[in-house]
$ cat protein01.tsv   # TSV, C-alpha atoms and all ligand atoms
chain	number	residue	atom	x	y	z
A	1	MET	CA	54.06	88.48	64.55
A	2	ALA	CA	57.77	88.78	65.37
A	3	GLU	CA	60.05	85.82	64.76
A	4	GLY	CA	60.54	83.78	67.90
A	5	ASN	CA	62.98	81.03	68.78
A	6	ARG	CA	63.36	78.02	66.55
A	7	THR	CA	60.15	76.01	66.61
A	8	ALA	CA	59.51	72.28	66.50
A	9	ILE	CA	56.20	70.84	65.33
A	10	VAL	CA	55.40	67.47	66.91
A	11	THR	CA	52.37	65.60	65.63
A	12	GLY	CA	50.75	63.29	68.14
A	13	GLY	CA	52.56	65.30	70.80
A	14	SER	CA	49.75	65.17	73.34
A	15	ARG	CA	50.82	61.88	74.90
A	16	GLY	CA	53.07	58.83	74.65
A	17	ILE	CA	56.18	59.04	72.48
A	18	GLY	CA	55.20	62.42	71.02
A	19	ARG	CA	54.85	63.95	74.48
A	20	GLU	CA	58.30	62.70	75.48
A	21	VAL	CA	59.77	64.14	72.26
A	22	ALA	CA	58.04	67.49	72.88
A	23	LEU	CA	59.36	67.69	76.44
A	24	ARG	CA	62.91	66.83	75.38
A	25	LEU	CA	62.86	69.45	72.62
A	26	ALA	CA	61.42	72.05	74.99
A	27	ALA	CA	64.29	71.32	77.39
A	28	LEU	CA	66.66	71.99	74.47
A	29	GLY	CA	65.05	75.39	73.96
A	30	TYR	CA	62.72	74.75	71.01
A	31	ASP	CA	59.31	76.41	71.06
A	32	ILE	CA	56.79	73.60	70.71
A	33	ALA	CA	53.70	73.30	68.51
A	34	ILE	CA	51.78	70.11	69.16
A	35	VAL	CA	49.31	68.75	66.64
A	36	TYR	CA	46.86	66.19	67.96
A	37	VAL	CA	43.33	64.82	68.09
A	38	GLY	CA	41.55	63.44	71.13
A	39	ASP	CA	42.02	64.20	74.80
A	40	GLU	CA	42.32	67.95	75.41
A	41	ASN	CA	43.55	67.46	78.98
A	42	GLU	CA	46.49	65.34	77.86
A	43	ALA	CA	47.47	68.03	75.35
A	44	ALA	CA	47.09	70.81	77.94
A	45	GLU	CA	49.31	68.83	80.32
A	46	THR	CA	52.04	68.47	77.70
A	47	VAL	CA	51.85	72.18	76.85
A	48	ALA	CA	52.08	73.13	80.53
A	49	GLU	CA	55.10	70.81	81.02
A	50	CYS	CA	56.86	72.29	77.96
A	51	ARG	CA	56.27	75.83	79.23
A	52	LYS	CA	58.02	74.93	82.47
A	53	ALA	CA	61.21	74.78	80.37
A	54	GLY	CA	60.68	78.48	79.63
A	55	VAL	CA	59.69	78.06	76.00
A	56	LYS	CA	56.53	78.93	74.12
A	57	ALA	CA	54.17	76.00	73.58
A	58	ALA	CA	50.70	75.51	72.13
A	59	ALA	CA	48.52	72.62	71.00
A	60	TYR	CA	46.46	72.49	67.80
A	61	VAL	CA	43.57	70.10	67.22
A	62	CYS	CA	44.07	68.87	63.69
A	63	ASN	CA	43.48	65.57	61.93
A	64	VAL	CA	46.77	64.93	60.13
A	65	ALA	CA	44.91	62.79	57.58
A	66	SER	CA	43.24	65.95	56.23
A	67	PHE	CA	45.14	67.92	53.56
A	68	GLU	CA	43.11	71.06	54.27
A	69	GLU	CA	43.25	70.88	58.08
A	70	THR	CA	47.02	70.37	58.06
A	71	LYS	CA	47.44	73.26	55.63
A	72	GLU	CA	45.43	75.59	57.88
A	73	THR	CA	47.20	74.37	61.01
A	74	VAL	CA	50.71	74.88	59.61
A	75	SER	CA	49.67	78.35	58.52
A	76	GLN	CA	48.26	79.07	62.00
A	77	ILE	CA	51.46	77.78	63.62
A	78	THR	CA	53.63	80.11	61.51
A	79	GLU	CA	51.31	82.98	62.40
A	80	ASP	CA	51.56	82.17	66.12
A	81	PHE	CA	55.25	81.19	66.31
A	82	GLY	CA	56.87	82.95	63.35
A	83	SER	CA	58.34	81.18	60.36
A	84	ASN	CA	61.49	79.86	62.02
A	85	ILE	CA	60.19	76.30	61.92
A	86	ALA	CA	63.33	74.23	62.46
A	87	ALA	CA	61.99	70.74	63.03
A	88	LEU	CA	59.01	68.55	62.17
A	89	VAL	CA	58.42	65.26	63.96
A	90	ASN	CA	55.74	63.17	62.27
A	91	ASN	CA	54.74	60.94	65.15
A	92	ALA	CA	50.90	60.81	65.02
A	93	GLY	CA	49.78	57.26	64.43
A	94	ILE	CA	47.00	54.77	65.05
A	95	THR	CA	46.49	51.01	64.90
A	96	ARG	CA	43.38	49.16	63.70
A	97	ASP	CA	44.67	45.60	63.81
A	98	GLY	CA	42.97	42.64	62.16
A	99	LEU	CA	43.64	39.63	60.02
A	100	ILE	CA	43.83	40.29	56.31
A	101	ALA	CA	40.88	38.05	55.44
A	102	MET	CA	38.68	39.99	57.86
A	103	MET	CA	40.00	43.55	57.62
A	104	SER	CA	37.42	46.20	56.76
A	105	GLU	CA	38.10	48.74	54.05
A	106	GLU	CA	37.59	51.44	56.67
A	107	ASN	CA	40.35	50.06	58.90
A	108	TRP	CA	42.73	49.87	55.96
A	109	ASP	CA	41.93	53.41	54.81
A	110	SER	CA	42.04	55.07	58.21
A	111	VAL	CA	45.46	53.67	59.16
A	112	ILE	CA	47.01	54.55	55.79
A	113	SER	CA	45.43	58.02	55.93
A	114	VAL	CA	46.63	58.92	59.42
A	115	ASN	CA	50.02	57.18	59.49
A	116	LEU	CA	51.22	57.67	55.91
A	117	LYS	CA	49.21	60.44	54.30
A	118	GLY	CA	49.43	62.35	57.60
A	119	ALA	CA	53.22	62.50	57.30
A	120	PHE	CA	52.94	63.49	53.63
A	121	ASN	CA	50.46	66.27	54.47
A	122	MET	CA	52.71	67.76	57.13
A	123	ILE	CA	55.84	67.61	54.98
A	124	ARG	CA	53.89	68.99	52.01
A	125	HIS	CA	52.84	72.07	53.97
A	126	THR	CA	56.14	72.69	55.77
A	127	ALA	CA	58.57	71.96	52.90
A	128	ARG	CA	58.35	75.48	51.50
A	129	ILE	CA	59.05	76.95	54.90
A	130	PHE	CA	62.15	74.78	55.31
A	131	ILE	CA	63.29	75.68	51.79
A	132	ARG	CA	62.78	79.38	52.48
A	133	ASN	CA	64.68	79.03	55.77
A	134	LYS	CA	67.49	77.19	53.91
A	135	GLY	CA	67.35	74.28	56.29
A	136	GLY	CA	65.26	72.06	58.48
A	137	ARG	CA	65.06	68.66	60.13
A	138	ILE	CA	62.32	66.11	59.66
A	139	VAL	CA	61.97	62.89	61.64
A	140	ASN	CA	59.19	60.44	60.84
A	141	ILE	CA	58.17	57.68	63.23
A	142	SER	CA	58.01	54.34	61.44
A	143	SER	CA	57.95	50.94	63.22
A	144	VAL	CA	59.68	47.58	63.14
A	145	SER	CA	56.31	46.36	61.77
A	146	GLY	CA	57.13	48.33	58.65
A	147	LEU	CA	60.55	46.69	58.36
A	148	MET	CA	59.65	43.07	59.18
A	149	GLY	CA	55.89	42.84	58.68
A	150	ASN	CA	53.59	41.67	61.45
A	151	ALA	CA	50.70	39.21	61.22
A	152	GLY	CA	47.46	41.03	62.02
A	153	GLN	CA	48.86	44.44	61.10
A	154	ILE	CA	48.79	44.55	57.29
A	155	ASN	CA	47.44	48.11	57.28
A	156	TYR	CA	49.82	49.35	59.97
A	157	SER	CA	52.95	47.68	58.60
A	158	ALA	CA	52.14	48.91	55.07
A	159	SER	CA	51.78	52.46	56.41
A	160	LYS	CA	55.06	52.22	58.32
A	161	ALA	CA	56.93	50.68	55.37
A	162	GLY	CA	55.51	53.57	53.34
A	163	ILE	CA	57.07	55.96	55.83
A	164	VAL	CA	60.48	54.50	54.98
A	165	GLY	CA	60.05	55.27	51.27
A	166	LEU	CA	58.58	58.69	52.03
A	167	THR	CA	61.55	59.43	54.29
A	168	LYS	CA	64.17	58.43	51.73
A	169	SER	CA	62.53	60.30	48.84
A	170	THR	CA	62.10	63.42	50.97
A	171	ALA	CA	65.74	63.12	52.06
A	172	ARG	CA	66.94	62.93	48.47
A	173	GLU	CA	64.64	65.68	47.23
A	174	LEU	CA	65.36	68.23	49.96
A	175	ALA	CA	69.05	67.49	50.63
A	176	ALA	CA	70.21	70.27	48.32
A	177	LYS	CA	68.07	72.69	50.33
A	178	GLY	CA	69.81	71.79	53.61
A	179	VAL	CA	66.87	69.77	54.87
A	180	THR	CA	67.46	66.33	56.40
A	181	CYS	CA	64.77	63.67	56.71
A	182	ASN	CA	65.17	60.51	58.77
A	183	ALA	CA	62.99	57.87	60.39
A	184	VAL	CA	62.95	56.10	63.72
A	185	ALA	CA	61.57	52.56	63.82
A	186	PRO	CA	60.55	51.68	67.38
A	187	GLY	CA	59.82	48.15	68.56
A	188	PHE	CA	57.48	47.56	71.52
A	189	ILE	CA	57.32	50.81	73.49
A	190	ARG	CA	55.30	51.17	76.69
A	191	THR	CA	52.54	53.69	75.84
A	192	ASP	CA	48.72	53.78	75.62
A	193	MET	CA	49.02	52.26	72.14
A	194	THR	CA	50.53	49.09	73.60
A	195	LYS	CA	48.65	48.97	76.90
A	196	ASN	CA	47.20	45.56	76.02
A	197	ILE	CA	50.68	44.09	75.66
A	198	THR	CA	52.32	43.15	78.92
A	199	GLU	CA	55.76	41.87	79.67
A	200	ASP	CA	54.16	38.98	81.57
A	201	ASN	CA	53.86	37.64	78.07
A	202	SER	CA	57.14	35.73	77.95
A	203	GLU	CA	56.59	34.93	74.24
A	204	LEU	CA	56.95	38.64	73.54
A	205	LEU	CA	60.03	38.99	75.69
A	206	ARG	CA	61.69	36.13	73.82
A	207	THR	CA	61.45	38.17	70.60
A	208	ILE	CA	63.32	41.13	72.17
A	209	PRO	CA	67.06	40.43	72.52
A	210	LEU	CA	67.40	43.10	75.23
A	211	GLY	CA	64.59	41.39	77.13
A	212	ARG	CA	62.28	44.31	77.87
A	213	MET	CA	59.86	46.70	76.26
A	214	GLY	CA	61.20	50.16	75.41
A	215	GLU	CA	60.21	53.45	77.01
A	216	ALA	CA	59.06	56.60	75.19
A	217	SER	CA	62.33	58.18	76.36
A	218	ASP	CA	64.30	55.54	74.39
A	219	VAL	CA	62.58	56.74	71.21
A	220	ALA	CA	62.93	60.43	72.14
A	221	ASP	CA	66.71	59.89	72.50
A	222	ALA	CA	66.88	58.76	68.87
A	223	VAL	CA	64.68	61.59	67.62
A	224	VAL	CA	66.80	64.20	69.39
A	225	PHE	CA	69.97	62.63	67.99
A	226	LEU	CA	68.66	62.68	64.41
A	227	LEU	CA	67.44	66.26	64.81
A	228	SER	CA	70.89	67.28	65.98
A	229	SER	CA	72.83	65.83	63.05
A	230	PRO	CA	73.50	67.89	59.93
A	231	TYR	CA	75.07	64.95	58.07
A	232	ILE	CA	72.65	62.04	58.56
A	233	THR	CA	69.79	61.87	56.11
A	234	GLY	CA	67.59	59.10	54.71
A	235	GLU	CA	68.45	56.90	57.69
A	236	VAL	CA	66.07	54.54	59.47
A	237	LEU	CA	67.18	54.09	63.05
A	238	ARG	CA	65.73	51.12	64.92
A	239	VAL	CA	64.94	51.58	68.61
A	240	ASP	CA	63.69	48.09	69.28
A	241	GLY	CA	65.91	46.27	71.75
A	242	GLY	CA	67.32	44.34	68.80
A	243	ILE	CA	64.08	42.80	67.45
A	244	ALA	CA	64.66	43.57	63.78
A	245	MET	CA	68.44	43.20	63.54
B	1	LIG	P1	49.65	57.00	71.37
B	1	LIG	O1	48.41	56.31	70.97
B	1	LIG	O2	50.01	57.03	72.82
B	1	LIG	O3	49.63	58.53	70.85
B	1	LIG	C1	49.24	58.80	69.55
B	1	LIG	C2	49.26	60.28	69.32
B	1	LIG	O4	48.87	60.49	67.95
B	1	LIG	C3	48.27	61.06	70.18
B	1	LIG	O5	48.87	62.29	70.55
B	1	LIG	C4	47.10	61.35	69.24
B	1	LIG	O6	46.46	62.57	69.53
B	1	LIG	C5	47.82	61.45	67.91
B	1	LIG	N1	46.95	61.16	66.77
B	1	LIG	C6	46.29	60.00	66.52
B	1	LIG	N2	45.56	60.15	65.40
B	1	LIG	C7	45.76	61.41	64.94
B	1	LIG	C8	45.28	62.16	63.85
B	1	LIG	N3	44.43	61.64	62.96
B	1	LIG	N4	45.68	63.44	63.72
B	1	LIG	C9	46.55	64.00	64.61
B	1	LIG	N5	47.03	63.33	65.67
B	1	LIG	C10	46.63	62.06	65.82
B	1	LIG	O7	50.81	56.35	70.50
B	1	LIG	P2	52.37	56.12	70.76
B	1	LIG	O8	52.56	54.75	71.27
B	1	LIG	O9	52.94	57.26	71.50
B	1	LIG	O10	52.91	56.12	69.25
B	1	LIG	C11	53.45	57.25	68.61
B	1	LIG	C12	53.99	56.83	67.26
B	1	LIG	O11	54.96	55.80	67.42
B	1	LIG	C13	52.92	56.27	66.32
B	1	LIG	O12	53.20	56.67	65.00
B	1	LIG	C14	53.13	54.78	66.45
B	1	LIG	O13	52.68	54.10	65.30
B	1	LIG	C15	54.62	54.69	66.60
B	1	LIG	N6	55.08	53.47	67.20
B	1	LIG	C16	54.70	53.13	68.48
B	1	LIG	C17	55.14	51.94	69.03
B	1	LIG	C18	54.75	51.51	70.41
B	1	LIG	O14	55.10	50.38	70.78
B	1	LIG	N7	54.05	52.33	71.19
B	1	LIG	C19	56.01	51.04	68.27
B	1	LIG	C20	56.36	51.50	66.95
B	1	LIG	C21	55.90	52.68	66.46

$ encode --input "protein01.tsv" --output "structure tokens"
Amino acid sequence: MAEGNRTAIVTGGSRGIGREVALRLAALGYDIAIVYVGDENEAAETVAECRKAGVKAAAYVCNVASFEETKETVSQITEDFGSNIAALVNNAGITRDGLIAMMSEENWDSVISVNLKGAFNMIRHTARIFIRNKGGRIVNISSVSGLMGNAGQINYSASKAGIVGLTKSTARELAAKGVTCNAVAPGFIRTDMTKNITEDNSELLRTIPLGRMGEASDVADAVVFLLSSPYITGEVLRVDGGIAM
């Protein structure tokens, strides 16, 4: 297939923060490949919205925790979009919260597999494309939980702290190839993931210096900024209303 525009792959792009990132990148003229699991209608909605910007967009059902599935999906994306993959946003993530003394092995494994190994899998299968293209931009979504820790989220905060190390090592390893790799660490962002947290909870608000939860668009701003910079790499940018300063 002929080379198209520059393409951005956004994992977890069917809804929430990933959807907002996909829409912003579509508005900037990137073709959009969304990787997701779960609700087909949400993914179809995001794809339709992206296409309104006049770009090509498609959604791929793929469990990022699977080495083989991500390999096949990246290969399918290059077949469908051409090999001008310019950006990868590793945003897919899950929570399975619980206290450490009660946490099941399954809840530990699934969160590490999706949140941390998922980002590894996607970078592993796109790195050669970026190297061949002599450039690329990677942004991984971490969390303030990974920077500060959070009681009841040992699995999640370990996965998100892991993202920080993964980001910095990738940044160092691929810098000479013109590839940047950065992370965004959001605080409390209003999405389906946080639907059980409400701002009526004044305890929560007290922990946020700016006094409100963030919006997906606040995170998308940071992702777009990092994708636009040729000279920032290995950075972890907090988008948290000041929680982790
Ligand atoms: P969400 O639950 O609304 O969306 C998650 C997305 O990830 C969906 O598109 C889903 O299809 C995808 N996904 C889940 N498991 C997957 C898998 N195994 N393979 C492929 N895709 C998968 O979540 P939200 O709130 O938009 O979060 C996005 C990212 O931001 C996550 O990494 C999350 O940990 C992180 N984050 C979110 C915060 C928040 O307050 N909402 C705060 C800090 C970080």

$ residues_around --input "protein01.tsv" --residues "Arg6 (chain A)" --least-positions-apart "2" --cutoff "6 Å" --atoms "all atoms listed in the file" --output "ChimeraX atom specification"
/A:30,84-86

$ axis_aligned_box --input "protein01.tsv" --around "ligand LIG 1 (chain B)" --padding-each-side "3 Å" --output "JSON"
{"center_x": 50.4, "center_y": 57.2, "center_z": 67.9, "size_x": 17.9, "size_y": 19.6, "size_z": 15.9}

$ closest_atom_pairs --input "protein01.tsv" --of "chain A" --to "ligand LIG 1 (chain B)" --cutoff "6 Å" --atoms "all atoms listed in the file" --output "Markdown table"
| residue | atom | partner | partner_atom | distance |
| --- | --- | --- | --- | --- |
| A:Thr11 | CA | B:LIG1 | N5 | 5.8 |
| A:Gly12 | CA | B:LIG1 | O5 | 3.2 |
| A:Gly13 | CA | B:LIG1 | O5 | 4.8 |
| A:Ser14 | CA | B:LIG1 | O5 | 4.1 |
| A:Arg15 | CA | B:LIG1 | O5 | 4.8 |
| A:Gly16 | CA | B:LIG1 | O9 | 3.5 |
| A:Ile17 | CA | B:LIG1 | O9 | 3.8 |
| A:Gly18 | CA | B:LIG1 | O9 | 5.7 |
| A:Val35 | CA | B:LIG1 | C9 | 5.9 |
| A:Tyr36 | CA | B:LIG1 | N5 | 3.7 |
| A:Val37 | CA | B:LIG1 | O6 | 4.1 |
| A:Gly38 | CA | B:LIG1 | O6 | 5.2 |
| A:Cys62 | CA | B:LIG1 | C9 | 5.5 |
| A:Asn63 | CA | B:LIG1 | N4 | 3.5 |
| A:Val64 | CA | B:LIG1 | N4 | 4.0 |
| A:Ala65 | CA | B:LIG1 | N3 | 5.5 |
| A:Asn91 | CA | B:LIG1 | O12 | 4.5 |
| A:Ala92 | CA | B:LIG1 | O4 | 3.6 |
| A:Gly93 | CA | B:LIG1 | O12 | 3.5 |
| A:Ile94 | CA | B:LIG1 | C6 | 5.5 |
| A:Val114 | CA | B:LIG1 | N3 | 5.0 |
| A:Ile141 | CA | B:LIG1 | O12 | 5.4 |
| A:Ser142 | CA | B:LIG1 | C21 | 5.7 |
| A:Ser143 | CA | B:LIG1 | C20 | 4.1 |
| A:Pro186 | CA | B:LIG1 | C20 | 4.2 |
| A:Gly187 | CA | B:LIG1 | C19 | 4.8 |
| A:Phe188 | CA | B:LIG1 | O14 | 3.8 |
| A:Ile189 | CA | B:LIG1 | O14 | 3.5 |
| A:Arg190 | CA | B:LIG1 | N7 | 5.8 |
| A:Thr191 | CA | B:LIG1 | O8 | 4.7 |
| A:Asp192 | CA | B:LIG1 | O2 | 4.5 |
| A:Met193 | CA | B:LIG1 | O1 | 4.3 |
| A:Thr194 | CA | B:LIG1 | N7 | 5.4 |

$ write_last_selection --input "protein01.tsv" --atoms "C-alpha atoms" --output "CSV table (one decimal), keeping the file's coordinate frame"
chain,number,residue,atom,x,y,z
A,11,THR,CA,52.4,65.6,65.6
A,12,GLY,CA,50.8,63.3,68.1
A,13,GLY,CA,52.6,65.3,70.8
A,14,SER,CA,49.8,65.2,73.3
A,15,ARG,CA,50.8,61.9,74.9
A,16,GLY,CA,53.1,58.8,74.6
A,17,ILE,CA,56.2,59.0,72.5
A,18,GLY,CA,55.2,62.4,71.0
A,35,VAL,CA,49.3,68.8,66.6
A,36,TYR,CA,46.9,66.2,68.0
A,37,VAL,CA,43.3,64.8,68.1
A,38,GLY,CA,41.6,63.4,71.1
A,62,CYS,CA,44.1,68.9,63.7
A,63,ASN,CA,43.5,65.6,61.9
A,64,VAL,CA,46.8,64.9,60.1
A,65,ALA,CA,44.9,62.8,57.6
A,91,ASN,CA,54.7,60.9,65.2
A,92,ALA,CA,50.9,60.8,65.0
A,93,GLY,CA,49.8,57.3,64.4
A,94,ILE,CA,47.0,54.8,65.0
A,114,VAL,CA,46.6,58.9,59.4
A,141,ILE,CA,58.2,57.7,63.2
A,142,SER,CA,58.0,54.3,61.4
A,143,SER,CA,58.0,50.9,63.2
A,186,PRO,CA,60.6,51.7,67.4
A,187,GLY,CA,59.8,48.2,68.6
A,188,PHE,CA,57.5,47.6,71.5
A,189,ILE,CA,57.3,50.8,73.5
A,190,ARG,CA,55.3,51.2,76.7
A,191,THR,CA,52.5,53.7,75.8
A,192,ASP,CA,48.7,53.8,75.6
A,193,MET,CA,49.0,52.3,72.1
A,194,THR,CA,50.5,49.1,73.6

$ residues_around --input "protein01.tsv" --residues "Trp108 (chain A)" --least-positions-apart "6" --cutoff "12 Å" --atoms "all atoms listed in the file" --output "VMD selection string"
chain A and resid 94 to 102 114 to 116 152 to 159

$ closest_residue --input "protein01.tsv" --among "A:Val10, A:Thr70, A:Val239, A:Pro230" --to "Ala216 (chain A)" --atoms "all atoms listed in the file"
A:Val239

$ atom_distance --input "protein01.tsv" --atom1 "CA of Lys160 (chain A)" --atom2 "CA of Gly146 (chain A)"
4.4 Å

$ atom_distance --input "protein01.tsv" --atom1 "CA of Ile129 (chain A)" --atom2 "CA of Ser83 (chain A)"
6.9 Å

$ atom_distance --input "protein01.tsv" --atom1 "CA of Ala185 (chain A)" --atom2 "CA of Val144 (chain A)"
5.4 Å

$ closest_residue --input "protein01.tsv" --among "A:Gly241, A:Gly118, A:Gly136, A:Gly165" --to "Thr180 (chain A)" --atoms "all atoms listed in the file"
A:Gly136

$ residues_near_point --input "protein01.tsv" --point "(53.4, 66.6, 49.3)" --cutoff "12 Å" --atoms "all atoms listed in the file" --output "NGL selection string"
:A and (67 or 70-71 or 116-128 or 166-167 or 169-170 or 173)

$ residues_around --input "protein01.tsv" --residues "Ala222 (chain A)" --least-positions-apart "4" --cutoff "12 Å" --atoms "only C-alpha atoms" --output "list in words"
Ile17, Glu20, Val21, Arg24, Val89, Val139, Asn140, Ile141, Asn182, Ala183, Val184, Ala185, Pro186, Glu215, Ala216, Ser217, Asp218, Leu226, Leu227, Ser228, Ser229, Glu235, Val236, Leu237, Arg238, Val239 and Asp240 of chain A

$ closest_residue --input "protein01.tsv" --among "A:Ala59, A:Ala53, A:Thr78, A:Leu205" --to "Asn41 (chain A)" --atoms "all atoms listed in the file"
A:Ala59

$ closest_residue --input "protein01.tsv" --among "A:Ile34, A:Ile243, A:Ile9, A:Ala22" --to "Gly214 (chain A)" --atoms "all atoms listed in the file"
A:Ile243

$ closest_residue --input "protein01.tsv" --among "A:Asn90, A:Arg137, A:Ser75, A:Ala161" --to "Ile112 (chain A)" --atoms "all atoms listed in the file"
A:Ala161
